[in-house]
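Content type mmCIF, C-alpha atoms and all ligand atoms, from the file final22.cif:
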```
data_data
loop_
_atom_site.label_atom_id
_atom_site.label_comp_id
_atom_site.auth_asym_id
_atom_site.auth_seq_id
_atom_site.Cartn_x
_atom_site.Cartn_y
_atom_site.Cartn_z
CA MET L 386 19.41 158.87 308.78
CA MET L 387 20.37 157.65 305.32
CA ASN L 388 21.50 160.43 303.00
CA ALA L 389 20.39 160.95 299.41
CA LEU L 390 22.89 158.36 298.18
CA THR L 391 21.33 155.68 300.42
CA GLU L 392 24.39 155.50 302.63
CA PRO L 393 23.29 154.27 306.06
CA GLN L 394 24.67 155.85 309.22
CA SER L 395 23.30 153.25 311.62
CA VAL L 396 23.24 149.49 310.94
CA VAL L 397 21.98 146.57 313.00
CA VAL L 398 22.84 142.98 312.07
CA LEU L 399 20.74 140.14 313.48
CA GLY L 400 23.06 137.15 313.26
CA GLY L 401 26.12 139.27 313.95
CA THR L 402 28.70 136.64 313.03
CA SER L 403 27.18 135.95 309.60
CA GLU L 404 29.91 136.13 306.98
CA ILE L 405 27.48 137.46 304.38
CA ALA L 406 26.15 140.19 306.70
CA ARG L 407 29.66 141.18 307.70
CA ALA L 408 30.63 141.49 304.02
CA ILE L 409 27.61 143.76 303.48
CA VAL L 410 28.68 145.97 306.40
CA ALA L 411 32.25 146.07 305.04
CA ALA L 412 30.97 147.16 301.62
CA LEU L 413 28.93 150.10 302.96
CA PRO L 414 30.41 153.58 302.49
CA ALA L 415 32.45 153.77 305.70
CA THR L 416 32.61 157.54 305.94
CA GLN L 417 28.85 157.75 306.55
CA LEU L 418 28.70 155.02 309.21
CA ARG L 419 28.22 156.17 312.79
CA ARG L 420 26.98 153.03 314.54
CA VAL L 421 27.10 149.29 313.84
CA VAL L 422 25.49 146.76 316.19
CA LEU L 423 26.24 143.06 315.75
CA ALA L 424 23.41 141.26 317.52
CA GLY L 425 23.68 137.55 318.07
CA ARG L 426 24.12 134.68 320.47
CA PRO L 427 26.84 135.67 322.92
CA SER L 428 30.06 133.81 322.00
CA PRO L 429 33.76 134.44 321.48
CA ALA L 430 32.98 134.47 317.74
CA LEU L 431 30.56 137.38 318.19
CA THR L 432 33.09 139.31 320.25
CA GLU L 433 35.78 138.61 317.63
CA ALA L 434 33.45 139.71 314.82
CA THR L 435 32.72 142.94 316.68
CA ALA L 436 36.41 143.67 317.26
CA ALA L 437 37.30 142.82 313.65
CA THR L 438 34.51 145.03 312.27
CA ALA L 439 35.64 147.92 314.49
CA ALA L 440 39.25 147.46 313.37
CA ASP L 441 38.31 147.25 309.68
CA LEU L 442 36.22 150.42 309.91
CA ALA L 443 38.92 152.28 311.83
CA ALA L 444 41.46 151.22 309.18
CA VAL L 445 39.48 153.03 306.50
CA GLY L 446 39.11 156.17 308.60
CA SER L 447 35.63 155.56 309.98
CA SER L 448 34.81 156.71 313.50
CA ALA L 449 31.78 154.41 313.72
CA GLN L 450 30.97 152.88 317.11
CA VAL L 451 30.78 149.10 316.84
CA GLU L 452 29.07 147.13 319.58
CA GLU L 453 27.69 143.66 320.17
CA THR L 454 24.40 142.80 321.80
CA ALA L 455 22.64 139.59 322.75
CA PHE L 456 19.93 138.35 320.38
CA ASP L 457 18.63 134.80 320.00
CA ALA L 458 16.23 134.08 317.14
CA LEU L 459 14.74 131.23 319.17
CA ASP L 460 13.93 133.45 322.16
CA THR L 461 10.99 135.20 320.53
CA ASP L 462 9.69 136.43 323.90
CA SER L 463 12.74 138.68 324.14
CA HIS L 464 12.57 140.18 320.65
CA ALA L 465 10.32 143.17 321.36
CA ALA L 466 12.50 144.42 324.25
CA VAL L 467 15.84 143.75 322.52
CA LEU L 468 14.77 145.46 319.30
CA ALA L 469 13.09 148.41 321.05
CA ARG L 470 16.38 149.06 322.85
CA LEU L 471 18.30 148.97 319.57
CA PHE L 472 15.83 151.45 318.09
CA GLU L 473 16.22 153.95 320.93
CA GLN L 474 18.67 155.47 318.49
CA ASP L 475 17.86 155.91 314.82
CA VAL L 476 18.45 152.77 312.70
CA ASP L 477 18.80 153.06 308.91
CA LEU L 478 19.50 149.47 307.99
CA VAL L 479 18.70 146.14 309.62
CA ILE L 480 20.22 142.99 308.13
CA LEU L 481 18.28 139.86 309.08
CA ALA L 482 21.03 137.30 308.59
CA PHE L 483 20.47 134.59 311.17
CA GLY L 484 19.84 131.14 309.82
CA VAL L 485 20.89 127.50 309.97
CA LEU L 486 21.39 125.14 307.04
CA GLY L 487 21.39 121.84 308.88
CA ASP L 488 21.50 118.48 307.14
CA GLN L 489 18.55 116.92 305.34
CA GLN L 490 19.35 113.38 306.51
CA ASP L 491 19.70 114.55 310.13
CA PHE L 492 16.33 116.29 309.81
CA GLU L 493 14.72 113.08 308.56
CA ASP L 494 16.40 111.01 311.29
CA ASP L 495 15.41 113.43 314.02
CA PRO L 496 12.42 115.65 313.16
CA SER L 497 13.01 117.72 316.29
CA GLU L 498 16.15 119.05 314.55
CA ALA L 499 14.02 120.09 311.59
CA VAL L 500 11.62 121.88 313.92
CA LEU L 501 14.53 123.74 315.46
CA ALA L 502 15.73 124.93 312.04
CA ALA L 503 12.20 126.03 311.17
CA ARG L 504 11.97 127.93 314.44
CA VAL L 505 15.22 129.79 313.76
CA ASN L 506 14.84 130.44 310.03
CA TYR L 507 11.11 131.08 309.84
CA VAL L 508 9.49 131.61 313.27
CA GLY L 509 12.37 133.76 314.52
CA ALA L 510 12.28 135.85 311.37
CA VAL L 511 8.50 136.35 311.52
CA SER L 512 8.82 137.54 315.11
CA ALA L 513 11.78 139.87 314.53
CA GLY L 514 10.53 141.00 311.11
CA LEU L 515 7.12 142.20 312.31
CA ILE L 516 8.66 144.04 315.27
CA ILE L 517 11.30 145.68 313.06
CA ALA L 518 8.70 146.71 310.47
CA ASP L 519 6.69 148.46 313.17
CA LEU L 520 9.79 150.24 314.53
CA LEU L 521 10.87 151.32 311.03
CA LYS L 522 7.35 152.57 310.31
CA ARG L 523 7.42 154.68 313.47
CA GLN L 524 10.75 156.16 312.39
CA GLY L 525 9.34 156.82 308.92
CA HIS L 526 12.46 155.54 307.22
CA GLY L 527 14.90 152.64 307.08
CA THR L 528 15.33 149.33 305.28
CA LEU L 529 15.23 145.72 306.39
CA VAL L 530 17.46 143.45 304.31
CA VAL L 531 16.32 139.82 304.55
CA LEU L 532 18.73 137.05 303.56
CA SER L 533 16.44 134.57 301.86
CA SER L 534 17.73 131.90 299.44
CA VAL L 535 17.01 130.41 296.03
CA ALA L 536 16.55 127.17 297.98
CA GLY L 537 13.07 128.45 298.83
CA LEU L 538 12.00 128.78 295.22
CA ARG L 539 11.62 125.09 294.48
CA ALA L 540 11.73 122.06 296.76
CA ARG L 541 14.75 119.85 296.19
CA ARG L 542 14.86 116.30 297.53
CA SER L 543 18.31 116.96 298.94
CA ASN L 544 17.41 119.94 301.15
CA PHE L 545 13.68 120.47 301.24
CA VAL L 546 13.48 121.14 304.98
CA TYR L 547 15.89 124.09 304.74
CA GLY L 548 14.24 125.12 301.45
CA SER L 549 10.82 125.16 303.05
CA THR L 550 12.02 127.41 305.87
CA LYS L 551 13.41 129.82 303.29
CA ALA L 552 10.21 129.63 301.20
CA GLY L 553 8.24 130.69 304.27
CA LEU L 554 10.74 133.42 305.06
CA ASP L 555 10.71 134.69 301.48
CA VAL L 556 6.92 134.91 301.19
CA PHE L 557 6.77 136.56 304.60
CA ALA L 558 9.38 139.15 303.62
CA GLN L 559 7.71 139.90 300.27
CA GLY L 560 4.41 140.49 302.03
CA LEU L 561 6.07 142.59 304.69
CA ALA L 562 7.56 144.76 301.95
CA ASP L 563 4.12 145.30 300.44
CA SER L 564 2.69 146.19 303.84
CA LEU L 565 5.26 148.98 304.22
CA VAL L 566 4.66 150.73 300.90
CA GLY L 567 4.05 154.43 301.54
CA THR L 568 5.47 154.40 305.09
CA GLY L 569 9.04 155.44 304.23
CA ALA L 570 10.30 152.06 305.42
CA GLY L 571 11.14 149.19 303.09
CA VAL L 572 12.31 145.60 302.75
CA LEU L 573 14.92 144.22 300.37
CA VAL L 574 14.81 140.45 299.89
CA VAL L 575 18.18 138.98 298.90
CA ARG L 576 18.14 135.55 297.25
CA PRO L 577 21.67 134.18 297.06
CA GLY L 578 22.55 130.87 295.47
CA PHE L 579 25.51 128.94 296.90
CA VAL L 580 27.75 131.29 298.90
CA ARG L 581 31.20 130.26 300.09
CA THR L 582 30.90 130.75 303.86
CA ARG L 583 31.30 128.56 306.92
CA MET L 584 27.65 127.55 306.38
CA THR L 585 28.56 125.71 303.17
CA GLU L 586 32.08 124.65 304.16
CA GLY L 587 32.81 121.07 303.08
CA LEU L 588 29.82 120.88 300.70
CA ASP L 589 30.19 120.35 296.97
CA GLU L 590 30.06 123.75 295.33
CA ALA L 591 26.93 124.42 293.27
CA PRO L 592 27.11 126.12 289.86
CA LEU L 593 27.20 129.93 290.01
CA ALA L 594 28.70 129.88 293.52
CA VAL L 595 29.67 133.32 294.81
CA SER L 596 31.69 134.91 297.60
CA PRO L 597 30.07 136.84 300.48
CA GLU L 598 31.62 139.97 298.93
CA GLN L 599 29.68 139.35 295.71
CA VAL L 600 26.43 139.06 297.69
CA ALA L 601 27.35 142.33 299.41
CA GLN L 602 27.82 144.10 296.08
CA ASP L 603 24.52 142.76 294.73
CA THR L 604 22.78 143.83 297.95
CA LEU L 605 24.19 147.35 297.75
CA LYS L 606 23.13 147.61 294.12
CA GLY L 607 19.62 146.62 295.17
CA LEU L 608 19.58 149.16 298.01
CA ARG L 609 20.71 151.96 295.70
CA LYS L 610 18.06 151.08 293.12
CA GLY L 611 15.32 150.71 295.73
CA ALA L 612 14.73 147.15 294.50
CA HIS L 613 12.41 144.82 296.41
CA THR L 614 14.29 141.62 295.46
CA VAL L 615 17.80 140.83 294.26
CA TYR L 616 19.45 137.57 293.24
CA SER L 617 23.11 136.87 293.85
CA PRO L 618 24.57 136.34 291.36
CA ALA L 619 21.99 138.07 289.17
CA ALA L 620 22.16 135.22 286.62
CA ILE L 621 20.76 132.73 289.11
CA GLY L 622 17.39 134.48 288.85
CA ALA L 623 17.08 133.34 285.23
CA VAL L 624 18.31 129.84 286.11
CA MET L 625 15.70 129.53 288.87
CA ALA L 626 12.95 130.78 286.55
CA GLY L 627 13.88 127.96 284.17
CA LEU L 628 14.14 125.35 286.91
CA ARG L 629 10.75 126.28 288.30
CA SER L 630 9.11 125.29 285.05
CA VAL L 631 10.77 121.86 284.80
CA PRO L 632 8.08 119.16 285.25
CA ARG L 633 8.34 117.39 288.61
CA PRO L 634 9.07 113.86 287.37
CA LEU L 635 12.05 115.30 285.48
CA PHE L 636 13.06 117.75 288.23
CA ARG L 637 13.25 114.88 290.73
CA LYS L 638 15.90 113.19 288.58
CA LEU L 639 18.16 116.22 288.31
CA PRO L 640 21.42 115.84 290.30
CA ILE L 641 20.78 118.91 292.44
N1 LIG E 701 25.97 130.50 302.63
C1 LIG E 701 25.06 130.26 301.68
O1 LIG E 701 25.28 129.52 300.69
C2 LIG E 701 23.71 130.95 301.76
C3 LIG E 701 22.91 130.96 300.60
C4 LIG E 701 21.65 131.55 300.64
C5 LIG E 701 21.21 132.13 301.82
N2 LIG E 701 22.01 132.10 302.94
C6 LIG E 701 21.47 132.68 304.16
O2 LIG E 701 22.25 133.81 304.53
C7 LIG E 701 22.22 133.96 305.95
C8 LIG E 701 23.64 134.11 306.47
O3 LIG E 701 24.37 132.94 306.16
P1 LIG E 701 25.97 132.89 306.11
O4 LIG E 701 26.35 132.18 304.87
O5 LIG E 701 26.53 134.22 306.38
O6 LIG E 701 26.24 131.84 307.28
P2 LIG E 701 26.85 132.01 308.74
O7 LIG E 701 28.12 132.75 308.69
O8 LIG E 701 26.83 130.63 309.29
O9 LIG E 701 25.76 132.90 309.50
C9 LIG E 701 24.62 132.36 310.11
C10 LIG E 701 24.28 133.26 311.28
O10 LIG E 701 23.07 132.79 311.90
C11 LIG E 701 23.28 132.89 313.30
N3 LIG E 701 22.34 132.09 314.07
C12 LIG E 701 22.08 130.76 313.99
N4 LIG E 701 21.16 130.43 314.91
C13 LIG E 701 20.84 131.56 315.58
C14 LIG E 701 19.96 131.86 316.65
N5 LIG E 701 19.21 130.93 317.24
N6 LIG E 701 19.86 133.15 317.07
C15 LIG E 701 20.63 134.12 316.50
N7 LIG E 701 21.50 133.90 315.51
C16 LIG E 701 21.59 132.62 315.05
C17 LIG E 701 24.72 132.46 313.49
O11 LIG E 701 25.16 132.82 314.78
P3 LIG E 701 26.17 131.92 315.67
O12 LIG E 701 27.53 132.50 315.44
O13 LIG E 701 25.68 132.12 317.07
O14 LIG E 701 26.06 130.49 315.21
C18 LIG E 701 25.36 133.28 312.37
O15 LIG E 701 25.55 134.60 312.80
C19 LIG E 701 21.49 132.73 306.51
O16 LIG E 701 20.15 133.08 306.77
C20 LIG E 701 21.55 131.74 305.36
O17 LIG E 701 20.46 130.83 305.40
C21 LIG E 701 23.24 131.55 302.93
#
```

Go through the file and emit its structure as structure tokens.
Amino acid sequence: MMNALTEPQSVVVLGGTSEIARAIVAALPATQLRRVVLAGRPSPALTEATAATAADLAAVGSSAQVEETAFDALDTDSHAAVLARLFEQDVDLVILAFGVLGDQQDFEDDPSEAVLAARVNYVGAVSAGLIIADLLKRQGHGTLVVLSSVAGLRARRSNFVYGSTKAGLDVFAQGLADSLVGTGAGVLVVRPGFVRTRMTEGLDEAPLAVSPEQVAQDTLKGLRKGAHTVYSPAAIGAVMAGLRSVPRPLFRKLPI
């Protein structure tokens, strides 16, 4: 169970190879950690991420057990059983990190690709999120961190399919947080801007781009404060507030 300083002992990552999620795990106070589960699609990358996380934790003196387990966001029929098994032991923190960015032009050329992205980013998260909320409620404690995105705050011509999946995810997660008030469980919605990970590799960097480590620090700050939403970097919250009020004919012409 988390101690008074909000230092989790048991962490589950959904999307176990996510560079942002792994940076969050690395930033947690290692001495408190007892168990880390990286859940994701079975692959050499997941096995490598599990071994690297175990080695990193051991290097800082942590005796945490690190394991991998199979989880596919698209296989919603399996979610209840997979998550129930993970919650057979106490879980303090779940990081919902799975997601695909895709390519707007590919989505327009082949709408079935867009549907697939929506199924991962939104449908998969609704399925896992509701099950996790129920399990956290039964425990009476624990936090779900949801990696949303500023892309969901206003549709951009250049990536509105991805943005719409994140808009759905964000509204879902905000509502889920409200539904948990008073239960001991909570949700923290993290809204990063452009983060330098393999997801954005090769793309032109957007203003206020950050590292996964910066997102991890902003997430930890939010967890410690008991915040319901954090931006990463914090300044992008103000930028998005401004952008949201730009009239559409003008917004459409912005090079973003
Ligand atoms: N990077 C950014 O600029 C940025 C900005 C805002 C928000 N975000 C969000 O932050 C989250 C993490 O992104 P990241 O930058 O850390 O990218 P990443 O390293 O590419 O992580 C994405 C994760 O999603 C997993 N995934 C994809 N499809 C899946 C499926 N069907 N079932 C289970 N897992 C699946 C990937 O697993 P595999 O290894 O199996 O592919 C990977 O673990 C994503 O939700 C992303 O949308 C990212």

In Å, how far is it from atom C10 of ligand LIG 701 (chain E) to CA of Arg583 in chain L?
9.5 Å

Nearest residue to ligand LIG 701 (chain E) out of L:Glu586, L:Glu392, L:Asp563, L:Asp491, using only C-alpha atoms and all ligand atoms?
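Answer, going by the shortest atom-to-atom distance: L:Glu586.
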
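Minimum atom-to-atom distances from L:Gly578, L:Gly567, L:Pro634, L:Gly537 to ligand LIG 701 (chain E) were compared using all atoms listed in the file, and the lowest value belongs to L:Gly578.
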
Any residue with an atom at most 7 Å from ligand LIG 701 (chain E) counts, using all atoms listed in the file. Which are they? Put them as a ChimeraX atom specification.
/L:399-406,425-428,430-431,456-459,482-486,505-506,532-535,576-585

Cut-off 10 Å: closest range 507-605 of chain L/range 493-503 of chain L atom pairs per residue, using all atoms listed in the file, as JSON lines:
```
{"residue": "L:Tyr507", "atom": "CA", "partner": "L:Ala503", "partner_atom": "CA", "distance": 5.3}
{"residue": "L:Val508", "atom": "CA", "partner": "L:Ala503", "partner_atom": "CA", "distance": 6.5}
{"residue": "L:Gly509", "atom": "CA", "partner": "L:Ala503", "partner_atom": "CA", "distance": 8.4}
{"residue": "L:Ala510", "atom": "CA", "partner": "L:Ala503", "partner_atom": "CA", "distance": 9.8}
{"residue": "L:Val546", "atom": "CA", "partner": "L:Ala499", "partner_atom": "CA", "distance": 6.7}
{"residue": "L:Tyr547", "atom": "CA", "partner": "L:Ala502", "partner_atom": "CA", "distance": 7.3}
{"residue": "L:Gly548", "atom": "CA", "partner": "L:Ala503", "partner_atom": "CA", "distance": 10.0}
{"residue": "L:Ser549", "atom": "CA", "partner": "L:Ala503", "partner_atom": "CA", "distance": 8.3}
{"residue": "L:Thr550", "atom": "CA", "partner": "L:Ala503", "partner_atom": "CA", "distance": 5.5}
{"residue": "L:Lys551", "atom": "CA", "partner": "L:Ala503", "partner_atom": "CA", "distance": 8.8}
{"residue": "L:Gly553", "atom": "CA", "partner": "L:Ala503", "partner_atom": "CA", "distance": 9.2}
{"residue": "L:Leu554", "atom": "CA", "partner": "L:Ala503", "partner_atom": "CA", "distance": 9.7}
```

List as number ranges by chain: which residues have an atom within 12 Å of (15.4, 112.7, 292.5), counting all atoms listed in the file?
L: 540-545, 633-641

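CA of Thr604 in chain L to CA of Ala466 in chain L spans 28.2 Å [interatomic distance, one decimal].
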
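Between Asp462 in chain L and the candidates L:Ala513, L:Leu605, L:Leu442, L:Val421, the tightest atom-to-atom separation, counting all atoms listed in the file, involves L:Ala513.
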
Mind pulling up the distance from CA of Arg609 in chain L to CA of Ala626 in chain L?
24.3 Å

Export: range 494-520 of chain L, N, CA and C atoms, as a CSV table (one decimal), in the first residue's frame:
```csv
chain,number,residue,atom,x,y,z
L,494,ASP,N,-6.5,7.4,-46.0
L,494,ASP,CA,-6.4,6.5,-47.2
L,494,ASP,C,-7.1,5.1,-46.8
L,495,ASP,N,-7.0,4.7,-45.6
L,495,ASP,CA,-7.5,3.4,-45.2
L,495,ASP,C,-8.2,3.6,-43.8
L,496,PRO,N,-9.5,3.9,-43.8
L,496,PRO,CA,-10.2,4.1,-42.6
L,496,PRO,C,-10.2,3.0,-41.6
L,497,SER,N,-9.9,1.7,-42.1
L,497,SER,CA,-9.8,0.6,-41.2
L,497,SER,C,-8.6,0.8,-40.2
L,498,GLU,N,-7.6,1.5,-40.7
L,498,GLU,CA,-6.4,1.8,-39.8
L,498,GLU,C,-6.8,2.8,-38.7
L,499,ALA,N,-7.7,3.7,-39.1
L,499,ALA,CA,-8.2,4.7,-38.1
L,499,ALA,C,-9.0,4.0,-37.0
L,500,VAL,N,-9.8,3.1,-37.5
L,500,VAL,CA,-10.7,2.3,-36.6
L,500,VAL,C,-9.8,1.5,-35.6
L,501,LEU,N,-8.7,1.0,-36.1
L,501,LEU,CA,-7.8,0.2,-35.2
L,501,LEU,C,-7.2,1.1,-34.1
L,502,ALA,N,-6.8,2.3,-34.5
L,502,ALA,CA,-6.2,3.3,-33.6
L,502,ALA,C,-7.3,3.6,-32.5
L,503,ALA,N,-8.5,3.8,-33.0
L,503,ALA,CA,-9.6,4.2,-32.0
L,503,ALA,C,-9.8,3.1,-31.1
L,504,ARG,N,-9.7,1.8,-31.6
L,504,ARG,CA,-10.0,0.7,-30.7
L,504,ARG,C,-8.9,0.5,-29.7
L,505,VAL,N,-7.6,0.8,-30.1
L,505,VAL,CA,-6.6,0.7,-29.1
L,505,VAL,C,-6.7,1.9,-28.1
L,506,ASN,N,-6.7,3.1,-28.6
L,506,ASN,CA,-6.5,4.3,-27.7
L,506,ASN,C,-7.8,4.6,-26.9
L,507,TYR,N,-9.0,4.3,-27.5
L,507,TYR,CA,-10.2,4.7,-26.8
L,507,TYR,C,-10.9,3.4,-26.2
L,508,VAL,N,-11.3,2.5,-27.2
L,508,VAL,CA,-12.1,1.4,-26.7
L,508,VAL,C,-11.3,0.5,-25.7
L,509,GLY,N,-10.0,0.3,-26.0
L,509,GLY,CA,-9.2,-0.5,-25.1
L,509,GLY,C,-9.1,0.2,-23.7
L,510,ALA,N,-9.0,1.5,-23.7
L,510,ALA,CA,-8.9,2.2,-22.5
L,510,ALA,C,-10.2,2.3,-21.7
L,511,VAL,N,-11.3,2.3,-22.4
L,511,VAL,CA,-12.6,2.3,-21.7
L,511,VAL,C,-12.8,1.0,-21.0
L,512,SER,N,-12.4,-0.1,-21.7
L,512,SER,CA,-12.5,-1.5,-21.2
L,512,SER,C,-11.6,-1.6,-19.9
L,513,ALA,N,-10.3,-1.4,-20.1
L,513,ALA,CA,-9.4,-1.6,-19.0
L,513,ALA,C,-9.7,-0.6,-17.9
L,514,GLY,N,-10.0,0.7,-18.2
L,514,GLY,CA,-10.2,1.7,-17.2
L,514,GLY,C,-11.4,1.4,-16.3
L,515,LEU,N,-12.5,0.9,-16.8
L,515,LEU,CA,-13.6,0.6,-16.0
L,515,LEU,C,-13.3,-0.6,-15.1
L,516,ILE,N,-12.6,-1.6,-15.6
L,516,ILE,CA,-12.3,-2.8,-14.8
L,516,ILE,C,-11.3,-2.4,-13.7
L,517,ILE,N,-10.3,-1.6,-14.0
L,517,ILE,CA,-9.3,-1.1,-13.0
L,517,ILE,C,-10.0,-0.3,-11.9
L,518,ALA,N,-10.9,0.6,-12.3
L,518,ALA,CA,-11.6,1.4,-11.3
L,518,ALA,C,-12.3,0.6,-10.3
L,519,ASP,N,-13.0,-0.5,-10.8
L,519,ASP,CA,-13.7,-1.4,-9.9
L,519,ASP,C,-12.8,-2.1,-9.0
L,520,LEU,N,-11.6,-2.5,-9.5
L,520,LEU,CA,-10.7,-3.3,-8.7
L,520,LEU,C,-10.1,-2.3,-7.6
```
